[in-house]
file target_33.cif (mmCIF, C-alpha atoms and all ligand atoms)
data_entry
#
loop_
_atom_site.label_atom_id
_atom_site.label_comp_id
_atom_site.auth_asym_id
_atom_site.auth_seq_id
_atom_site.Cartn_x
_atom_site.Cartn_y
_atom_site.Cartn_z
CA MET A 1426 -217.78 -63.40 200.51
CA LEU A 1427 -221.26 -61.97 200.73
CA GLU A 1428 -221.98 -64.01 203.85
CA ALA A 1429 -218.77 -62.80 205.49
CA LEU A 1430 -219.68 -59.22 204.59
CA ARG A 1431 -223.14 -59.63 206.08
CA LYS A 1432 -221.59 -60.86 209.34
CA LYS A 1433 -219.14 -57.96 209.40
CA ILE A 1434 -221.93 -55.44 208.85
CA GLN A 1435 -224.00 -56.95 211.66
CA GLU A 1436 -220.96 -56.70 213.89
CA ILE A 1437 -220.31 -53.03 213.04
CA MET A 1438 -223.93 -51.84 212.99
CA PRO A 1439 -224.23 -51.15 216.77
CA GLN A 1440 -221.30 -48.70 216.57
CA VAL A 1441 -222.64 -46.64 213.65
CA ASP A 1442 -225.79 -44.91 212.47
CA GLY A 1443 -225.88 -46.78 209.19
CA VAL A 1444 -223.88 -48.69 206.63
CA ILE A 1445 -223.51 -47.58 203.02
CA ALA A 1446 -223.31 -50.60 200.74
CA LEU A 1447 -224.79 -52.08 197.60
CA ARG A 1448 -228.24 -53.60 197.44
CA ARG A 1449 -229.58 -55.96 194.84
CA VAL A 1450 -232.15 -54.30 192.57
CA GLY A 1451 -233.43 -56.51 189.78
CA LYS A 1452 -230.42 -57.82 187.92
CA GLY A 1453 -228.24 -54.95 189.04
CA THR A 1454 -227.24 -53.15 192.21
CA ALA A 1455 -227.74 -49.71 193.67
CA PRO A 1456 -226.15 -47.83 196.56
CA HIS A 1457 -228.15 -48.19 199.74
CA LEU A 1458 -228.00 -46.90 203.28
CA PHE A 1459 -228.69 -49.84 205.59
CA LEU A 1460 -229.98 -48.69 208.97
CA PRO A 1461 -229.73 -50.61 212.26
CA GLY A 1462 -232.25 -53.43 212.27
CA ASP A 1463 -232.60 -53.46 208.48
CA ASP A 1464 -232.85 -56.72 206.63
CA LEU A 1465 -229.53 -57.53 205.01
CA SER A 1466 -230.78 -60.24 202.68
CA GLU A 1467 -230.57 -57.95 199.65
CA LEU A 1468 -227.00 -56.91 200.38
CA ALA A 1469 -224.84 -57.24 197.26
CA LEU A 1470 -221.24 -56.87 196.13
CA SER A 1471 -221.50 -56.98 192.37
CA PRO A 1472 -221.99 -55.64 189.79
CA GLN A 1473 -219.85 -53.05 191.50
CA PHE A 1474 -220.80 -49.40 191.70
CA PRO A 1475 -218.65 -46.65 193.21
CA LEU A 1476 -219.83 -45.70 196.70
CA PRO A 1477 -217.78 -42.55 197.43
CA THR A 1478 -220.33 -40.20 195.86
CA PRO A 1479 -223.21 -41.63 197.94
CA VAL A 1480 -220.95 -41.17 201.00
CA ARG A 1481 -220.43 -37.52 200.08
CA ILE A 1482 -224.15 -36.90 199.63
CA ILE A 1483 -225.17 -38.72 202.81
CA GLN A 1484 -222.46 -37.10 204.95
CA ALA A 1485 -223.43 -33.66 203.68
CA LYS A 1486 -227.00 -34.30 204.75
CA TYR A 1487 -226.17 -35.84 208.14
CA PRO A 1488 -222.88 -34.24 209.19
CA ASP A 1489 -223.15 -35.43 212.80
CA LYS A 1490 -223.85 -39.07 212.10
CA ARG A 1491 -221.32 -41.81 211.91
CA PHE A 1492 -221.48 -44.16 208.96
CA ALA A 1493 -219.65 -47.21 207.75
CA VAL A 1494 -219.06 -47.90 204.08
CA VAL A 1495 -218.09 -50.99 202.16
CA VAL A 1496 -214.99 -50.12 200.13
CA ARG A 1497 -212.95 -51.77 197.45
CA GLY A 1498 -209.42 -50.51 196.85
CA CYS A 1499 -210.59 -47.88 194.38
CA ASP A 1500 -213.40 -46.65 196.66
CA GLU A 1501 -210.96 -46.22 199.53
CA ARG A 1502 -208.45 -44.28 197.47
CA GLN A 1503 -211.21 -42.07 196.10
CA LEU A 1504 -212.49 -41.32 199.58
CA VAL A 1505 -208.98 -40.29 200.60
CA GLU A 1506 -208.64 -37.86 197.69
CA MET A 1507 -212.12 -36.50 198.45
CA ALA A 1508 -211.28 -36.06 202.12
CA LYS A 1509 -208.21 -34.02 201.21
CA ARG A 1510 -210.57 -31.63 199.44
CA ARG A 1511 -213.11 -31.60 202.28
CA GLN A 1512 -215.74 -33.46 200.31
CA ILE A 1513 -216.12 -36.24 202.86
CA PHE A 1514 -214.97 -36.64 206.45
CA LEU A 1515 -212.88 -39.64 207.29
CA ASP A 1516 -213.17 -39.17 211.06
CA LYS A 1517 -216.87 -39.91 210.78
CA LEU A 1518 -216.45 -42.87 208.51
CA THR A 1519 -215.64 -46.51 209.21
CA MET A 1520 -214.37 -48.45 206.24
CA ILE A 1521 -215.14 -52.10 205.65
CA GLY A 1522 -212.44 -53.20 203.24
CA VAL A 1523 -213.19 -55.73 200.51
CA ALA A 1524 -210.46 -57.28 198.40
CA CYS A 1525 -211.56 -57.83 194.83
CA THR A 1526 -211.52 -61.26 193.26
CA LYS A 1527 -209.15 -62.14 190.46
CA GLU A 1528 -211.98 -61.99 187.92
CA GLN A 1529 -213.02 -58.55 189.09
CA ALA A 1530 -209.43 -57.30 189.00
CA GLU A 1531 -208.99 -58.61 185.47
CA TYR A 1532 -212.26 -57.08 184.38
CA CYS A 1533 -211.15 -53.67 185.70
CA ARG A 1534 -207.52 -54.11 184.60
CA CYS A 1535 -206.85 -52.94 188.16
CA GLU A 1536 -203.34 -52.31 189.37
CA MET A 1537 -204.24 -52.48 193.06
CA PRO A 1538 -207.42 -54.48 193.65
CA PHE A 1539 -207.46 -54.13 197.45
CA PRO A 1540 -207.83 -51.44 200.13
CA LYS A 1541 -205.25 -50.81 202.85
CA GLN A 1542 -207.18 -52.81 205.37
CA VAL A 1543 -208.83 -55.92 204.06
CA ASP A 1544 -211.75 -57.24 206.14
CA ILE A 1545 -213.38 -59.44 203.53
CA GLY A 1546 -211.88 -61.60 200.80
CA GLU A 1547 -208.42 -62.70 199.79
CA THR A 1548 -205.98 -60.19 198.34
CA VAL A 1549 -204.99 -60.92 194.76
CA GLU A 1550 -202.18 -59.36 192.78
CA GLY A 1551 -202.71 -56.33 190.58
CA ILE A 1552 -202.86 -56.53 186.80
CA PRO A 1553 -199.70 -55.27 185.03
CA GLN A 1554 -200.47 -52.20 182.94
CA THR A 1555 -198.69 -53.45 179.83
CA PHE A 1556 -201.44 -52.15 177.55
CA LEU A 1557 -200.18 -48.65 178.30
CA ASP A 1558 -196.80 -49.44 176.81
CA ASP A 1559 -198.44 -51.15 173.87
CA PHE A 1560 -200.35 -47.94 173.28
CA LEU A 1561 -197.20 -45.83 173.51
CA ALA A 1562 -195.46 -48.09 171.02
CA LYS A 1563 -197.72 -46.60 168.34
CA PRO A 1564 -196.13 -43.64 166.56
CA ARG A 1565 -197.58 -40.21 167.25
CA GLU A 1566 -199.65 -39.94 164.08
CA GLU A 1567 -201.29 -43.24 164.92
CA ARG A 1568 -202.08 -42.10 168.44
CA LEU A 1569 -203.65 -38.95 167.03
CA ALA A 1570 -205.74 -40.96 164.58
CA PHE A 1571 -206.72 -43.34 167.39
CA TRP A 1572 -208.08 -40.55 169.57
CA LYS A 1573 -209.69 -38.65 166.72
CA HIS A 1574 -211.57 -41.79 165.85
CA ALA A 1575 -212.43 -42.58 169.47
CA PHE A 1576 -213.53 -39.09 170.43
CA ALA A 1577 -215.58 -38.71 167.29
CA LYS A 1578 -217.92 -41.27 168.86
CA CYS A 1579 -218.56 -39.10 171.93
CA ILE A 1580 -222.20 -38.12 172.35
CA LYS A 1581 -221.33 -35.68 175.12
CA CYS A 1582 -223.59 -37.38 177.60
CA TYR A 1583 -221.32 -36.31 180.49
CA GLY A 1584 -221.53 -39.85 181.83
CA CYS A 1585 -217.78 -40.02 182.38
CA ARG A 1586 -217.88 -36.90 184.47
CA ASN A 1587 -221.07 -37.75 186.31
CA ILE A 1588 -219.91 -41.17 187.46
CA CYS A 1589 -216.45 -39.99 188.53
CA PRO A 1590 -216.31 -39.68 192.32
CA GLU A 1591 -213.51 -37.16 191.92
CA CYS A 1592 -215.67 -34.83 189.83
CA PHE A 1593 -217.52 -32.87 192.48
CA CYS A 1594 -217.13 -29.24 191.38
CA LYS A 1595 -220.36 -27.28 191.60
CA GLU A 1596 -219.48 -25.48 188.38
CA CYS A 1597 -217.87 -27.58 185.69
CA VAL A 1598 -215.72 -26.07 182.96
CA LEU A 1599 -217.02 -28.74 180.61
CA GLU A 1600 -220.42 -27.03 180.78
CA ASP A 1601 -218.97 -23.61 180.08
CA ASN A 1602 -219.50 -22.44 176.53
CA LEU A 1603 -216.23 -20.54 176.78
CA TRP A 1604 -214.24 -23.77 176.79
CA VAL A 1605 -216.53 -26.37 175.32
CA THR A 1606 -218.76 -25.12 172.53
CA SER A 1607 -222.31 -26.05 173.40
CA GLY A 1608 -224.70 -27.53 170.89
CA THR A 1609 -222.19 -29.62 168.96
CA VAL A 1610 -221.76 -33.37 169.04
CA PRO A 1611 -219.13 -34.75 169.10
CA PRO A 1612 -217.43 -32.00 171.09
CA PRO A 1613 -214.63 -30.51 168.96
CA PHE A 1614 -211.33 -32.35 169.43
CA PRO A 1615 -209.54 -31.89 171.73
CA MET A 1616 -211.18 -29.45 174.12
CA PHE A 1617 -213.70 -31.56 176.04
CA HIS A 1618 -211.60 -34.67 176.47
CA LEU A 1619 -208.21 -33.13 177.11
CA ILE A 1620 -209.66 -30.68 179.62
CA ARG A 1621 -211.27 -33.56 181.46
CA ALA A 1622 -208.03 -35.55 181.30
CA MET A 1623 -206.05 -32.66 182.80
CA HIS A 1624 -208.62 -32.28 185.56
CA THR A 1625 -208.07 -35.89 186.62
CA VAL A 1626 -204.36 -35.32 187.27
CA GLY A 1627 -203.51 -36.05 190.90
CA LYS A 1628 -207.06 -37.19 191.69
CA CYS A 1629 -207.79 -40.09 189.37
CA VAL A 1630 -207.30 -43.43 191.09
CA ALA A 1631 -207.85 -45.37 187.87
CA CYS A 1632 -211.03 -47.08 188.98
CA GLY A 1633 -212.15 -47.22 185.36
CA GLU A 1634 -215.73 -46.20 186.10
CA CYS A 1635 -215.72 -43.50 183.41
CA GLU A 1636 -214.71 -45.95 180.75
CA ARG A 1637 -217.24 -48.57 181.84
CA THR A 1638 -219.96 -45.93 181.87
CA CYS A 1639 -219.17 -44.50 178.44
CA PRO A 1640 -221.89 -45.58 176.03
CA ALA A 1641 -219.49 -45.02 173.13
CA ASP A 1642 -216.82 -47.35 174.55
CA ILE A 1643 -214.11 -44.72 174.45
CA PRO A 1644 -211.00 -46.09 176.22
CA LEU A 1645 -210.63 -43.01 178.41
CA THR A 1646 -208.49 -44.65 181.06
CA ILE A 1647 -205.56 -45.08 178.67
CA LEU A 1648 -205.04 -41.32 178.86
CA TYR A 1649 -205.81 -41.02 182.55
CA LYS A 1650 -203.64 -43.94 183.54
CA LEU A 1651 -200.69 -42.64 181.52
CA LEU A 1652 -200.96 -39.32 183.35
CA LYS A 1653 -201.33 -41.10 186.67
CA ARG A 1654 -198.16 -43.07 186.00
CA ASP A 1655 -196.22 -39.85 185.35
CA VAL A 1656 -197.56 -38.29 188.53
CA GLU A 1657 -196.35 -41.32 190.46
CA THR A 1658 -192.93 -41.70 188.90
CA VAL A 1659 -192.02 -38.02 188.69
CA PHE A 1660 -193.84 -36.35 191.57
CA HIS A 1661 -194.00 -39.45 193.77
CA TYR A 1662 -197.63 -38.65 194.40
CA TYR A 1663 -199.90 -41.64 194.77
CA ALA A 1664 -203.55 -40.66 194.55
CA GLY A 1665 -205.44 -41.97 197.54
CA ALA A 1666 -202.44 -43.18 199.48
CA ASP A 1667 -202.19 -40.72 202.34
CA PRO A 1668 -205.00 -38.54 203.73
CA ASN A 1669 -202.49 -36.33 205.53
CA GLU A 1670 -200.68 -35.30 202.39
CA PRO A 1671 -201.99 -32.17 200.60
CA PRO A 1672 -203.52 -32.56 197.13
CA LEU A 1673 -200.91 -32.64 194.37
CA MET A 1674 -201.63 -29.14 193.08
CA ASP A 1675 -201.64 -27.57 196.55
CA SER A 1676 -198.40 -29.22 197.54
CA THR A 1677 -195.11 -27.42 197.21
CA ILE A 1678 -193.75 -30.27 195.10
CA PHE A 1679 -192.30 -28.78 191.95
CA LEU A 1680 -190.40 -30.00 188.98
CA ALA A 1681 -186.84 -28.92 189.68
CA ASP A 1682 -185.60 -29.94 186.30
CA MET A 1683 -187.96 -29.71 183.39
CA ASP A 1684 -186.20 -32.58 181.68
CA MET A 1685 -187.50 -34.93 184.36
CA LEU A 1686 -190.64 -35.52 182.34
CA HIS A 1687 -190.07 -36.99 178.94
CA PRO A 1688 -193.01 -36.92 176.61
CA PRO A 1689 -192.76 -39.75 174.07
CA ARG A 1690 -190.65 -38.41 171.23
CA ARG A 1691 -192.14 -40.33 168.33
CA MET B 1280 -193.71 -23.07 153.29
CA SER B 1281 -196.31 -22.62 150.58
CA SER B 1282 -198.52 -25.52 149.71
CA PRO B 1283 -197.33 -27.20 146.52
CA GLU B 1284 -200.74 -28.30 145.28
CA SER B 1285 -202.12 -24.80 144.76
CA ASN B 1286 -201.18 -22.35 142.05
CA VAL B 1287 -202.50 -19.45 144.04
CA GLN B 1288 -199.69 -17.64 145.80
CA GLN B 1289 -200.05 -18.62 149.45
CA PRO B 1290 -198.36 -16.47 152.01
CA PRO B 1291 -195.49 -18.46 153.55
CA TYR B 1292 -196.33 -20.16 156.85
CA GLU B 1293 -195.59 -17.92 159.78
CA PRO B 1294 -196.20 -19.59 163.12
CA LYS B 1295 -198.65 -17.90 165.44
CA ILE B 1296 -197.50 -18.09 169.00
CA ILE B 1297 -199.39 -17.16 172.13
CA GLY B 1298 -197.22 -16.29 175.10
CA PHE B 1299 -198.68 -16.24 178.60
CA LEU B 1300 -196.32 -14.08 180.65
CA CYS B 1301 -196.61 -13.44 184.33
CA ASN B 1302 -196.90 -9.81 185.29
CA TRP B 1303 -194.14 -9.71 187.88
CA CYS B 1304 -191.11 -11.27 186.23
CA SER B 1305 -191.52 -12.44 182.69
CA TYR B 1306 -193.57 -9.55 181.38
CA ALA B 1307 -190.99 -7.21 182.84
CA GLY B 1308 -188.32 -9.36 181.18
CA ALA B 1309 -190.08 -8.93 177.84
CA ASP B 1310 -190.31 -5.22 178.51
CA LEU B 1311 -186.60 -5.09 179.16
CA ALA B 1312 -185.95 -6.89 175.89
CA GLY B 1313 -188.00 -4.15 174.22
CA THR B 1314 -186.39 -1.19 175.94
CA SER B 1315 -182.95 -2.73 175.33
CA ARG B 1316 -183.91 -2.83 171.63
CA LEU B 1317 -183.25 -6.55 171.39
CA SER B 1318 -184.89 -8.04 168.36
CA TYR B 1319 -187.09 -11.10 168.62
CA PRO B 1320 -189.60 -12.63 166.19
CA PRO B 1321 -192.93 -10.80 165.89
CA ASN B 1322 -194.74 -14.17 165.88
CA ILE B 1323 -195.42 -14.05 169.59
CA ARG B 1324 -198.61 -12.43 170.86
CA ILE B 1325 -198.28 -11.74 174.52
CA VAL B 1326 -201.04 -12.20 177.05
CA ARG B 1327 -200.14 -10.77 180.42
CA VAL B 1328 -201.38 -12.87 183.32
CA GLN B 1329 -201.07 -12.07 186.98
CA CYS B 1330 -199.09 -15.24 187.69
CA SER B 1331 -198.01 -18.23 185.62
CA GLY B 1332 -200.11 -20.27 188.04
CA ARG B 1333 -203.13 -18.63 186.46
CA VAL B 1334 -202.53 -20.45 183.20
CA SER B 1335 -205.04 -23.25 183.38
CA PRO B 1336 -204.97 -26.16 180.95
CA GLU B 1337 -208.17 -24.76 179.44
CA LEU B 1338 -206.39 -21.55 178.46
CA VAL B 1339 -203.60 -23.40 176.68
CA LEU B 1340 -205.92 -25.82 174.91
CA LYS B 1341 -208.21 -22.98 173.90
CA ALA B 1342 -205.27 -21.12 172.37
CA PHE B 1343 -204.47 -24.17 170.24
CA HIS B 1344 -208.12 -24.64 169.44
CA GLU B 1345 -208.35 -21.06 168.21
CA GLY B 1346 -205.40 -21.58 165.91
CA ALA B 1347 -202.21 -20.91 167.86
CA ASP B 1348 -199.41 -23.05 166.43
CA GLY B 1349 -197.44 -22.82 169.65
CA VAL B 1350 -198.02 -21.72 173.23
CA ILE B 1351 -195.30 -20.57 175.58
CA VAL B 1352 -195.77 -19.99 179.29
CA LEU B 1353 -193.23 -17.82 181.09
CA GLY B 1354 -193.11 -17.29 184.83
CA CYS B 1355 -190.82 -16.23 187.64
CA HIS B 1356 -188.02 -18.59 188.65
CA ILE B 1357 -188.93 -21.04 191.41
CA GLY B 1358 -188.71 -19.17 194.69
CA ASP B 1359 -189.39 -15.79 193.07
CA CYS B 1360 -193.13 -16.09 192.42
CA HIS B 1361 -194.96 -13.01 193.65
CA TYR B 1362 -197.60 -15.34 195.08
CA ILE B 1363 -195.00 -17.58 196.70
CA ASP B 1364 -195.96 -20.94 195.19
CA GLY B 1365 -198.02 -20.08 192.11
CA ASN B 1366 -195.27 -21.31 189.86
CA HIS B 1367 -195.00 -24.57 191.78
CA ARG B 1368 -198.40 -25.31 190.29
CA THR B 1369 -197.21 -24.20 186.88
CA SER B 1370 -194.23 -26.51 187.13
CA LYS B 1371 -196.58 -29.45 187.57
CA ARG B 1372 -199.40 -28.38 185.30
CA ILE B 1373 -197.61 -27.39 182.10
CA PRO B 1374 -195.23 -30.37 181.97
CA MET B 1375 -198.18 -32.69 182.62
CA LEU B 1376 -200.12 -31.01 179.82
CA ARG B 1377 -197.13 -31.63 177.54
CA GLN B 1378 -197.33 -35.30 178.45
CA LEU B 1379 -201.04 -35.34 177.71
CA LEU B 1380 -200.57 -33.65 174.34
CA ALA B 1381 -198.00 -36.28 173.42
CA TYR B 1382 -200.25 -39.14 174.56
CA ALA B 1383 -203.10 -37.69 172.51
CA GLY B 1384 -200.84 -37.50 169.45
CA ILE B 1385 -200.18 -33.75 169.42
CA GLU B 1386 -196.54 -32.64 169.31
CA PRO B 1387 -195.62 -31.73 172.91
CA ASP B 1388 -193.05 -29.22 171.70
CA ARG B 1389 -195.86 -26.92 170.65
CA LEU B 1390 -196.05 -26.06 174.34
CA ARG B 1391 -193.11 -24.74 176.29
CA LEU B 1392 -192.56 -23.54 179.84
CA GLU B 1393 -189.61 -21.38 180.92
CA TRP B 1394 -188.73 -19.19 183.85
CA VAL B 1395 -187.69 -15.65 182.90
CA SER B 1396 -186.89 -12.97 185.46
CA ALA B 1397 -187.34 -9.23 185.08
CA ALA B 1398 -183.61 -8.89 184.45
CA GLU B 1399 -183.46 -11.53 181.73
CA GLY B 1400 -184.41 -9.53 178.65
CA GLU B 1401 -181.82 -11.28 176.59
CA ARG B 1402 -182.92 -14.71 177.75
CA PHE B 1403 -186.47 -13.78 176.81
CA ALA B 1404 -185.43 -12.85 173.27
CA THR B 1405 -183.38 -16.04 172.87
CA ILE B 1406 -186.20 -18.28 174.10
CA VAL B 1407 -188.74 -16.64 171.80
CA LYS B 1408 -186.38 -17.00 168.85
CA GLU B 1409 -185.73 -20.65 169.60
CA PHE B 1410 -189.37 -21.45 170.20
CA THR B 1411 -190.49 -19.72 167.01
CA GLU B 1412 -188.08 -21.89 165.05
CA THR B 1413 -189.31 -25.06 166.81
CA VAL B 1414 -192.90 -24.23 165.97
CA ARG B 1415 -191.98 -23.28 162.42
CA GLU B 1416 -190.54 -26.75 161.95
CA LEU B 1417 -193.59 -28.40 163.45
CA GLY B 1418 -195.82 -26.63 160.96
CA PRO B 1419 -199.37 -25.36 161.28
CA ILE B 1420 -201.58 -26.62 164.09
CA LYS B 1421 -204.20 -27.37 161.44
CA ARG B 1422 -202.23 -30.53 160.69
CA VAL B 1423 -203.31 -31.96 164.01
CA MET B 1424 -206.63 -30.34 164.85
CA VAL B 1425 -209.54 -28.49 163.39
CA THR B 1426 -209.38 -24.93 164.63
CA GLY B 1427 -211.75 -22.00 164.92
S1 LIG C 1701 -210.84 -43.78 186.33
FE1 LIG C 1701 -212.36 -42.27 185.58
S2 LIG C 1701 -214.06 -42.34 187.07
FE2 LIG C 1701 -212.27 -43.34 188.06
S3 LIG C 1701 -211.26 -41.69 189.22
FE3 LIG C 1701 -210.25 -41.79 187.19
S4 LIG C 1701 -211.35 -40.27 185.94
FE4 LIG C 1701 -212.65 -40.69 187.73
S1 LIG C 1702 -219.19 -41.00 178.81
FE1 LIG C 1702 -218.29 -41.29 176.73
S2 LIG C 1702 -219.86 -40.47 175.30
FE2 LIG C 1702 -220.39 -39.72 177.36
S3 LIG C 1702 -219.37 -37.69 177.46
FE3 LIG C 1702 -217.94 -39.18 178.36
S4 LIG C 1702 -216.61 -39.80 176.66
FE4 LIG C 1702 -218.42 -38.80 175.73
S1 LIG C 1703 -195.93 -14.21 189.86
FE1 LIG C 1703 -194.55 -14.85 188.29
S2 LIG C 1703 -194.90 -16.99 188.35
FE2 LIG C 1703 -196.19 -16.37 189.99
#

call {"tool": "encode", "arguments": {"input": "target_33.cif", "output": "structure tokens"}}
result
Amino acid sequence: MLEALRKKIQEIMPQVDGVIALRRVGKGTAPHLFLPGDDLSELALSPQFPLPTPVRIIQAKYPDKRFAVVVRGCDERQLVEMAKRRQIFLDKLTMIGVACTKEQAEYCRCEMPFPKQVDIGETVEGIPQTFLDDFLAKPREERLAFWKHAFAKCIKCYGCRNICPECFCKECVLEDNLWVTSGTVPPPFPMFHLIRAMHTVGKCVACGECERTCPADIPLTILYKLLKRDVETVFHYYAGADPNEPPLMDSTIFLADMDMLHPPRR
Amino acid sequence: MSSPESNVQQPPYEPKIIGFLCNWCSYAGADLAGTSRLSYPPNIRIVRVQCSGRVSPELVLKAFHEGADGVIVLGCHIGDCHYIDGNHRTSKRIPMLRQLLAYAGIEPDRLRLEWVSAAEGERFATIVKEFTETVRELGPIKRVMVTG
């Protein structure tokens, strides 16, 4: 796969000013802007790291340049949601689509481990999200106890927010003492975590980066994925699917009948 | 409901309800209920907002966090919002927040969204009555979260 990617990058390089991809650094990887003529021997694919934020930063600095970026399914969908909010510019971006391997998809519990256009790799099927239903099978009191226990481990490092490509606000409510009392760890339940969960609605593509980043191993994506599923089934809004569609909140979609959403009753 | 384990006379549980009412329809509806001398429970404390679309999830969660046992959001009917589509946002945001509360293990019925026009004083009184009873049954918010 890596060899195929290297070839593809060499092929695309003459048409762009640089390619945003991963580069091997020690045992890990880091985002890197490969320029024409650069040595591609340190190009890497895993361990994966989300590239949309580097795209945003690089495009902001060089608005007139044209870049290519290596995207997995999640990266592509994130870029689309960011473009809708004018955080990145798709017309100045060429995407090199990579389909994730079965192992990677399983590791991420990914529902859609491929971008729209696949240039590298073989498309594998998504992982069924049965763990969400298993979670909902717990009665309410158990869910409450589950989250109280999980969130009590939070050290408020802001890692989940910092890694999230969809968290790009210049001022974050999670840093505002009005909403999240500063100076206390763990942050009082449920302000910090439920505010963050609500702010992912219509933007979260379920890449799982927040959860992988969390040093306390809090299974954040259970909440985010449940919300995402509601947004899809009730509002028919698929985060990252269509750059020409307005963001969920800006759209004139509304809930005609309030009984269309059924919160679990037990 | 007084707590059985204490001998000290506890005042019976009276739900505290925060109502976010939009200025243009629902607040006027509440006003009409008042001027028509309709009675409704005094448990609701009304916060007038410019539009129901102003009611961010933070506001609702903060109300719970500060000890509200229930939160009700009232706005203009769809199509009547003074800001055209402010309540379209509300109609997505509040139901989604109800889902989130339920997923997190907090009773979703502590949060309610309704549309009340300036002419619906009676509807306002009925909804507040109903909601107060729902929240009374659910009991104090302290059962699910530490407040204050
Ligand atoms: S899974 Fe987490 S990091 Fe990824 S988009 Fe959703 S909230 Fe952001
Ligand atoms: S990454 Fe985990 S520990 Fe850090 S703030 Fe987020 S939930 Fe809390
Ligand atoms: S002004 Fe009443 S809901 Fe917007």

call {"tool": "residues_near_point", "arguments": {"input": "target_33.cif", "point": "(-194.9, -32.5, 187.8)", "cutoff": "12 Å", "atoms": "all atoms listed in the file", "output": "PyMOL selection string"}}
result
(chain A and resi 1626-1627+1652-1662+1673-1674+1676-1687) or (chain B and resi 1366-1378)

call {"tool": "residues_near_ligand", "arguments": {"input": "target_33.cif", "ligand": "ligand LIG 1702 (chain C)", "cutoff": "9 Å", "atoms": "all atoms listed in the file", "output": "PyMOL selection string"}}
result
chain A and resi 1575-1588+1611-1612+1617-1618+1635-1645

call {"tool": "closest_residue", "arguments": {"input": "target_33.cif", "among": "A:Phe1492, A:Phe1474, A:Phe1539, A:Trp1572", "to": "ligand LIG 1701 (chain C)", "atoms": "only C-alpha atoms and all ligand atoms"}}
result
A:Phe1474

call {"tool": "closest_atom_pairs", "arguments": {"input": "target_33.cif", "of": "chain A", "to": "ligand LIG 1701 (chain C)", "cutoff": "8 Å", "atoms": "all atoms listed in the file", "output": "CSV"}}
result
residue,atom,partner,partner_atom,distance
A:Cys1499,CA,C:LIG1701,FE2,8.0
A:Gln1503,CA,C:LIG1701,S3,6.9
A:Cys1585,CA,C:LIG1701,S2,6.4
A:Arg1586,CA,C:LIG1701,S2,7.1
A:Ile1588,CA,C:LIG1701,S2,6.0
A:Cys1589,CA,C:LIG1701,S2,3.7
A:Pro1590,CA,C:LIG1701,FE4,6.0
A:Glu1591,CA,C:LIG1701,FE4,5.5
A:Cys1592,CA,C:LIG1701,FE4,6.9
A:Ala1622,CA,C:LIG1701,S4,7.4
A:Thr1625,CA,C:LIG1701,S4,5.5
A:Lys1628,CA,C:LIG1701,S3,6.6
A:Cys1629,CA,C:LIG1701,FE3,3.7
A:Val1630,CA,C:LIG1701,S3,4.7
A:Ala1631,CA,C:LIG1701,S1,3.7
A:Cys1632,CA,C:LIG1701,FE2,4.0
A:Gly1633,CA,C:LIG1701,S1,3.8
A:Glu1634,CA,C:LIG1701,S2,4.3
A:Cys1635,CA,C:LIG1701,S2,4.2
A:Glu1636,CA,C:LIG1701,FE1,6.5
A:Leu1645,CA,C:LIG1701,FE1,7.4
A:Thr1646,CA,C:LIG1701,S1,5.8
A:Tyr1649,CA,C:LIG1701,FE3,6.5
A:Lys1650,CA,C:LIG1701,S1,7.7

call {"tool": "residues_around", "arguments": {"input": "target_33.cif", "residues": "A:Ala1562", "least_positions_apart": "5", "cutoff": "10 Å", "atoms": "only C-alpha atoms", "output": "PyMOL selection string"}}
result
chain A and resi 1556-1557+1567-1568+1689+1691

call {"tool": "closest_residue", "arguments": {"input": "target_33.cif", "among": "B:Leu1379, B:Val1326, B:Ile1297, B:Ala1397", "to": "ligand LIG 1703 (chain C)", "atoms": "all atoms listed in the file"}}
result
B:Ala1397

call {"tool": "closest_residue", "arguments": {"input": "target_33.cif", "among": "A:Lys1573, A:Lys1595, A:Arg1497, A:Arg1449", "to": "chain B", "atoms": "all atoms listed in the file"}}
result
A:Lys1573

call {"tool": "atom_distance", "arguments": {"input": "target_33.cif", "atom1": "atom CA of A:Ser1471", "atom2": "atom CA of A:Leu1504"}}
result
19.5 Å

call {"tool": "atom_distance", "arguments": {"input": "target_33.cif", "atom1": "atom CA of B:Asn1302", "atom2": "atom CA of B:Val1350"}}
result
17.0 Å

call {"tool": "residues_near_ligand", "arguments": {"input": "target_33.cif", "ligand": "ligand LIG 1703 (chain C)", "cutoff": "7 Å", "atoms": "all atoms listed in the file", "output": "PyMOL selection string"}}
result
chain B and resi 1301-1305+1329-1332+1354-1355+1360-1366

call {"tool": "closest_residue", "arguments": {"input": "target_33.cif", "among": "A:Leu1569, A:Val1598, A:Ala1493, A:Val1605", "to": "chain B", "atoms": "only C-alpha atoms"}}
result
A:Leu1569

call {"tool": "closest_residue", "arguments": {"input": "target_33.cif", "among": "A:Arg1621, A:Val1494, A:Thr1609, A:Glu1566", "to": "chain B", "atoms": "all atoms listed in the file"}}
result
A:Glu1566

call {"tool": "atom_distance", "arguments": {"input": "target_33.cif", "atom1": "atom CA of A:Arg1481", "atom2": "atom CA of A:Phe1459"}}
result
15.8 Å

call {"tool": "closest_residue", "arguments": {"input": "target_33.cif", "among": "A:Met1507, A:Val1549, A:Leu1648, A:Ala1666", "to": "chain B", "atoms": "all atoms listed in the file"}}
result
A:Leu1648
